[in-house]
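K.L.:
My questions will all concern the structure given below.
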Amino acid sequence: MFQLISHFRECEAKLKLIAGASKHVGMVLNCGLFGRDIKVSEILDSELLGEGLIPTLQHAHDNLLVENALTVPYRATTYGQLVESTFLWQLHDLHSIEATVSDGIQLTPPGLDSVLSVKRQQYAMHCNPIQEEIKLLSEPFKIFEFDFWKRPESSGETELCVKATNDGRIHAVVSWWVLQLDREGTIYYSTAPRWISSPTITSPVGWCDHWKQCVWFVPGSGISIFKGEEIHLHATHTETSISYNLDTQVPTSEILNHRCMTGDLQLVLPPERVAIYGDKGWRLSMLKAVQSMLQGRDHPLCLVADDSVFLPLLVAQLSEASHVMSLLPGLKERGLQYLQAAAHANGLSRNCIEVLEKRVKQLTMHDIHQKKVDLLIAEPFYVGHDGMLPWQNLRFWKDRTTLNDILSEDALIIPSKGILRACAISLPDLWKSRCCLSNVEGFDHSVVNATLGACSNLPELEEGPCLPFFVWQCGEFDVLSETFDVMEFDFSKQICLCQGKSQVKFTKTGVCHGFVLWIDWVMDLQNSVVISTGPDRRYWKQGVKLLGTPRTVGPQRSRNVQACSAVLEACFNPLQGELKIILDFL
């Protein structure tokens with residue numbers, strides 16, 4: 001990209017490019033780069049260190065820079081704040097939440113409290129949307145300071161004494177960083193949430209997709225604290241991450257020892273999946289769907305086609321006569337070890353669930369003991385799909401088609417169908433962040449738009465991709481239409497080309513930046529149990545189709561609008577698993 005931009009600017013002779021991180025450049029001295037006076041870098045992620053800032057700075061100071069070289073940025077400081085938040089708690093503490101559900105399934109049984117958990121790390125998240133759900137329990141406190149003008153250490157630690165400003169329960173540490181860009185301390189950039197004010201930040205920083213706040217979950221149900229009470233926080237950093245331990249928590253070494261004892265039983269899932277498994281409404285829907293499909297079935301053979309660890313246990317508990325098999329295509333051996341232990345802890349036979357260690361395409365009647373499958377079920381959930389578009393989970397439909405020859409004639413398939421739904425939406429922050437680049441500081445950046453995935457302000461006849469986002473994390477947004485159905489995917493039939501076309505009327509005046517699309521899963525034949533994954537559900541990502549040019553829209557007879565309705569046409573190609581979308585405003 002650099003070469004393209006510098007070529008169009010005709011300044012290649014003044015600029016020398018070495019393709020690679022500085023720490024990987026083996027011939028630095030021969031490139032004439034030894035003893036430079038100025039270093040400018042932007043090797044930052046939401047956590048600050050995750051993109052290799054420390055090793056890059058170390059190499060630069062050891063090999064590239066003169067003593068007391070000028071660096072931009074000059075310094076970075078990380079800050080934190082103790083918070084109480086039920087939402088953040090639900091993203092990781094499945095064991096405590098399961099104590100309140102009534103379906104009888106324990107995914108984290110006593111003695112195996114942390115057997116199904118999230119990774120111990122900081123999670124990048126926009127905290128502004130949940131500001132009203134957060135109770136602040138302390139003033140902001142400084143954690144680490146990194147001086148770019150000198151060689152940093154590979155690791156560090158600090159002990160802090162934090163005083164509570166409110167009664168509450170500490171569920172998380174919210175953190176952010178502040179950059180001092182110049183040596184004089186007149187220019188700053190901050191990723192702080194909007195409830196933080198600072199005299200050094202003179203203008204508010206707008207929403208951006210690349211830098212967010214970070215959330216560190218306090219293990220378990222949190223730590224109770226009273227106003228005025230002090231708590232000790234131990235912070236450590238490696239070359240690439242920052243972690244915390246509060247004085248009444250289990251020390252990290254003990255957590256590691258516990259994980260060593262659980263061995264292969266330990267399952268690490270994304271926070272959103274942990275929250276789904278703890279959601280009473282979701283679990284009740286699954287319970288109703290499975291109870292319905294088991295009615296009138298004697299000794300059914302049930303095959304769980306995805307990576308669900310909830311459904312195999314649920315079927316085995318509801319029907320002791322059933323033969324439960326699971327594919328666990330992503331979890332594999334770890335999933336097998338977990339299910340055996342969880343089944344035993346739930347009062348079931350350790351071997352009541354059989355895990356087939358084969359791919360879908362390799363399954364034969366021999367693998368399922370010469371008996372055809374009566375019940376084929378899925379959530380659907382596939383490990384590694386959490387960052388993908390919603391229709392990537394139609395992998396279930398593809399697998400169902402592959403398994404067609406081993407399904408009985410009256411086999412029940414859950415979910416029975418998927419409904420592609422959509423709504424028009426105003427998303428000014430996201431749209432702006434995806435705008436095509438043109439002239440930036442005298443340089444023409446338009447040549448890199450395709451590489452960067454720009455999809456706003458596209459030239460005519462060019463079409464941007466559909467992108468996966470948690471819409472609630474996308475800054476300002478406003479729904480401008482009713483939800484409408486685009487097409488249905490019937491899982492009782494084999495996978496096929498699907499097309500749908502719907503006209504939608506706008507219900508609110510505003511600027512339409514695009515459409516949000518998602519799949520609602522119908523979990524029973526009566527269409528009475530539906531799992532929605534729309535923009536009002538924070539545990540699922542939606543697909544966002546941004547317009548090249550926003551439109552001013554409104555209801556019928558609205559003044560000064562460009563459109564009162566729109567037609568959305570979609571085509572699902574089963575070979576590529578892609579969804580093509582065509583929009584027309586009326």
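Ligands are numbered from 1 in the order shown, chains are lettered A, B, ... in the order of the structure tokens, and residues start at 1 in each chain.
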Name all residues at most 12 Å from A:Asn404 (count only C-alpha atoms; drop same-chain ones fewer than 5 positions away) and give them as a ChimeraX atom specification.

P.N.:
/A:360-361,363-365,372-374,376,397-399,409-413,491-495

K.L.:
Identify, on the basis of only C-alpha atoms, every residue whose closest approach to A:Cys498 does not exceed 12 Å; exclude the query and any residue fewer than 6 positions from it along the same chain; express the result as a list in words.

P.N.:
Gly418, Ile419, Leu420, Val486, Met487, Glu488, Phe489, Asp490, Glu569, Ala570, Cys571, Phe572, Asn573, Pro574, Leu575, Gly577, Glu578, Leu579 and Lys580 of chain A

K.L.:
List every residue of stretch 64-274 of chain A that DSSP, applied to the backbone of this structure, assigns to helix (DSSP H, G or I), and report them as a ChimeraX atom specification.

P.N.:
/A:86-90,94-98,128-133,252-265,271-274

K.L.:
Could you give me, as a ChimeraX atom specification, the residues within 12 Å of A:Phe141, counting only C-alpha atoms and dropping anything in the same chain fewer than 3 positions from it?

P.N.:
/A:77-82,137-138,144-145,159-164,173-177,196,233,235

K.L.:
Pick from A:Leu394, A:Val447, A:Ala342, A:Leu517: nearest to A:Gln576, with only C-alpha atoms counted?

P.N.:
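Of all the options, A:Leu394 lies closest to A:Gln576.
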
K.L.:
What's the separation between atom CA of A:Trp282 and atom CA of A:Arg421, in Å to one decimal place?

P.N.:
19.1 Å

K.L.:
Determine, counting only C-alpha atoms, which protein, DNA and RNA residues have an atom within 12 Å of an atom of A:Pro270; residues of the same chain fewer than 3 positions away are not included. Present the result as a PyMOL selection string.

P.N.:
chain A and resi 91-92+116-121+123+267+273-277+381-387+539-540

K.L.:
Could you write out that same residue set with C-alpha atoms as a PDB file, in the first residue's frame?

P.N.:
```pdb
ATOM      1  CA  LEU A  91     -20.341 -12.843  29.876  1.00  0.00           C
ATOM      2  CA  HIS A  92     -18.115 -15.109  31.951  1.00  0.00           C
ATOM      3  CA  LEU A 116     -16.297 -24.122  30.880  1.00  0.00           C
ATOM      4  CA  SER A 117     -14.989 -20.573  30.896  1.00  0.00           C
ATOM      5  CA  VAL A 118     -13.604 -17.656  28.942  1.00  0.00           C
ATOM      6  CA  LYS A 119      -9.929 -17.025  28.351  1.00  0.00           C
ATOM      7  CA  ARG A 120      -8.188 -15.000  31.046  1.00  0.00           C
ATOM      8  CA  GLN A 121      -7.409 -11.898  29.036  1.00  0.00           C
ATOM      9  CA  TYR A 123     -11.459  -8.150  25.898  1.00  0.00           C
ATOM     10  CA  LEU A 267     -13.236 -25.703  27.509  1.00  0.00           C
ATOM     11  CA  ARG A 273     -21.333 -18.125  23.940  1.00  0.00           C
ATOM     12  CA  VAL A 274     -20.867 -18.422  27.707  1.00  0.00           C
ATOM     13  CA  ALA A 275     -23.586 -15.783  28.145  1.00  0.00           C
ATOM     14  CA  ILE A 276     -25.909 -17.654  25.770  1.00  0.00           C
ATOM     15  CA  TYR A 277     -25.447 -20.858  27.766  1.00  0.00           C
ATOM     16  CA  PHE A 381     -22.809 -23.180  16.943  1.00  0.00           C
ATOM     17  CA  TYR A 382     -19.430 -23.843  15.375  1.00  0.00           C
ATOM     18  CA  VAL A 383     -16.116 -23.048  17.046  1.00  0.00           C
ATOM     19  CA  GLY A 384     -14.358 -20.324  15.091  1.00  0.00           C
ATOM     20  CA  HIS A 385     -17.533 -18.957  13.495  1.00  0.00           C
ATOM     21  CA  ASP A 386     -18.080 -16.239  16.111  1.00  0.00           C
ATOM     22  CA  GLY A 387     -16.436 -13.602  13.893  1.00  0.00           C
ATOM     23  CA  TYR A 539     -24.735 -12.010  22.030  1.00  0.00           C
ATOM     24  CA  TRP A 540     -24.877 -12.424  18.240  1.00  0.00           C
TER      25      TRP A 540
END
```

K.L.:
Using only C-alpha atoms for the distances, tell me which of A:Pro390, A:Thr200, A:Asp167, A:Glu98 is nearest to A:Glu230.

P.N.:
A:Asp167

K.L.:
Pick out the residues sitting within 8 Å of A:Gln213, and hand them over as an mmCIF file with N, CA and C atoms, in the first residue's frame; count only C-alpha atoms, and ignore anything fewer than 2 positions along from it in its own chain.

P.N.:
```
data_model
loop_
_atom_site.group_PDB
_atom_site.id
_atom_site.type_symbol
_atom_site.label_atom_id
_atom_site.label_comp_id
_atom_site.auth_asym_id
_atom_site.auth_seq_id
_atom_site.Cartn_x
_atom_site.Cartn_y
_atom_site.Cartn_z
ATOM 1 N N SER A 46 -6.285 -2.159 21.049
ATOM 2 C CA SER A 46 -7.102 -1.662 22.158
ATOM 3 C C SER A 46 -6.434 -1.893 23.503
ATOM 4 N N GLU A 47 -5.645 -2.959 23.616
ATOM 5 C CA GLU A 47 -4.948 -3.252 24.864
ATOM 6 C C GLU A 47 -3.621 -2.508 24.959
ATOM 7 N N ALA A 124 -11.500 -6.478 24.147
ATOM 8 C CA ALA A 124 -11.796 -5.166 23.571
ATOM 9 C C ALA A 124 -13.305 -4.999 23.438
ATOM 10 N N MET A 125 -13.817 -3.864 23.901
ATOM 11 C CA MET A 125 -15.260 -3.651 23.885
ATOM 12 C C MET A 125 -15.556 -2.155 23.989
ATOM 13 N N HIS A 126 -16.534 -1.692 23.219
ATOM 14 C CA HIS A 126 -17.031 -0.333 23.407
ATOM 15 C C HIS A 126 -17.938 -0.330 24.635
ATOM 16 N N CYS A 127 -17.522 0.374 25.668
ATOM 17 C CA CYS A 127 -18.292 0.386 26.919
ATOM 18 C C CYS A 127 -19.346 1.484 26.960
ATOM 19 N N VAL A 174 -12.400 -2.049 33.867
ATOM 20 C CA VAL A 174 -12.445 -1.409 32.551
ATOM 21 C C VAL A 174 -11.173 -0.575 32.400
ATOM 22 N N SER A 175 -10.471 -0.742 31.290
ATOM 23 C CA SER A 175 -9.211 -0.019 31.106
ATOM 24 C C SER A 175 -9.160 0.660 29.743
ATOM 25 N N TRP A 176 -8.270 1.640 29.636
ATOM 26 C CA TRP A 176 -8.059 2.376 28.391
ATOM 27 C C TRP A 176 -6.652 2.972 28.418
ATOM 28 N N THR A 191 -8.436 6.687 24.485
ATOM 29 C CA THR A 191 -9.490 5.711 24.187
ATOM 30 C C THR A 191 -10.439 5.565 25.371
ATOM 31 N N ALA A 192 -10.464 6.539 26.262
ATOM 32 C CA ALA A 192 -11.308 6.469 27.460
ATOM 33 C C ALA A 192 -12.786 6.450 27.090
ATOM 34 N N PRO A 193 -13.616 5.800 27.912
ATOM 35 C CA PRO A 193 -15.062 5.872 27.693
ATOM 36 C C PRO A 193 -15.552 7.291 27.926
ATOM 37 N N TRP A 211 -10.017 1.036 17.874
ATOM 38 C CA TRP A 211 -9.577 1.204 19.261
ATOM 39 C C TRP A 211 -10.786 1.325 20.169
ATOM 40 N N VAL A 215 -11.919 -4.830 28.753
ATOM 41 C CA VAL A 215 -12.604 -5.337 29.943
ATOM 42 C C VAL A 215 -11.878 -6.576 30.434
#
```

K.L.:
For A:Asn393, which residue out of A:Asp307, A:Asp247, A:Glu132, A:Asp584 is the nearest one, using only C-alpha atoms?

P.N.:
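Under the stated criterion, the closest residue is A:Asp307.
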
K.L.:
So how far away is atom CA of A:Thr71 from atom CA of A:Asp147, in Å?

P.N.:
9.3 Å

K.L.:
If you run DSSP over the backbone, which residues in stretch 22-124 of chain A end up strand (DSSP E or B)? Put them as a PyMOL selection string.

P.N.:
chain A and resi 36-40+65-72+75-84+116-117+122-124
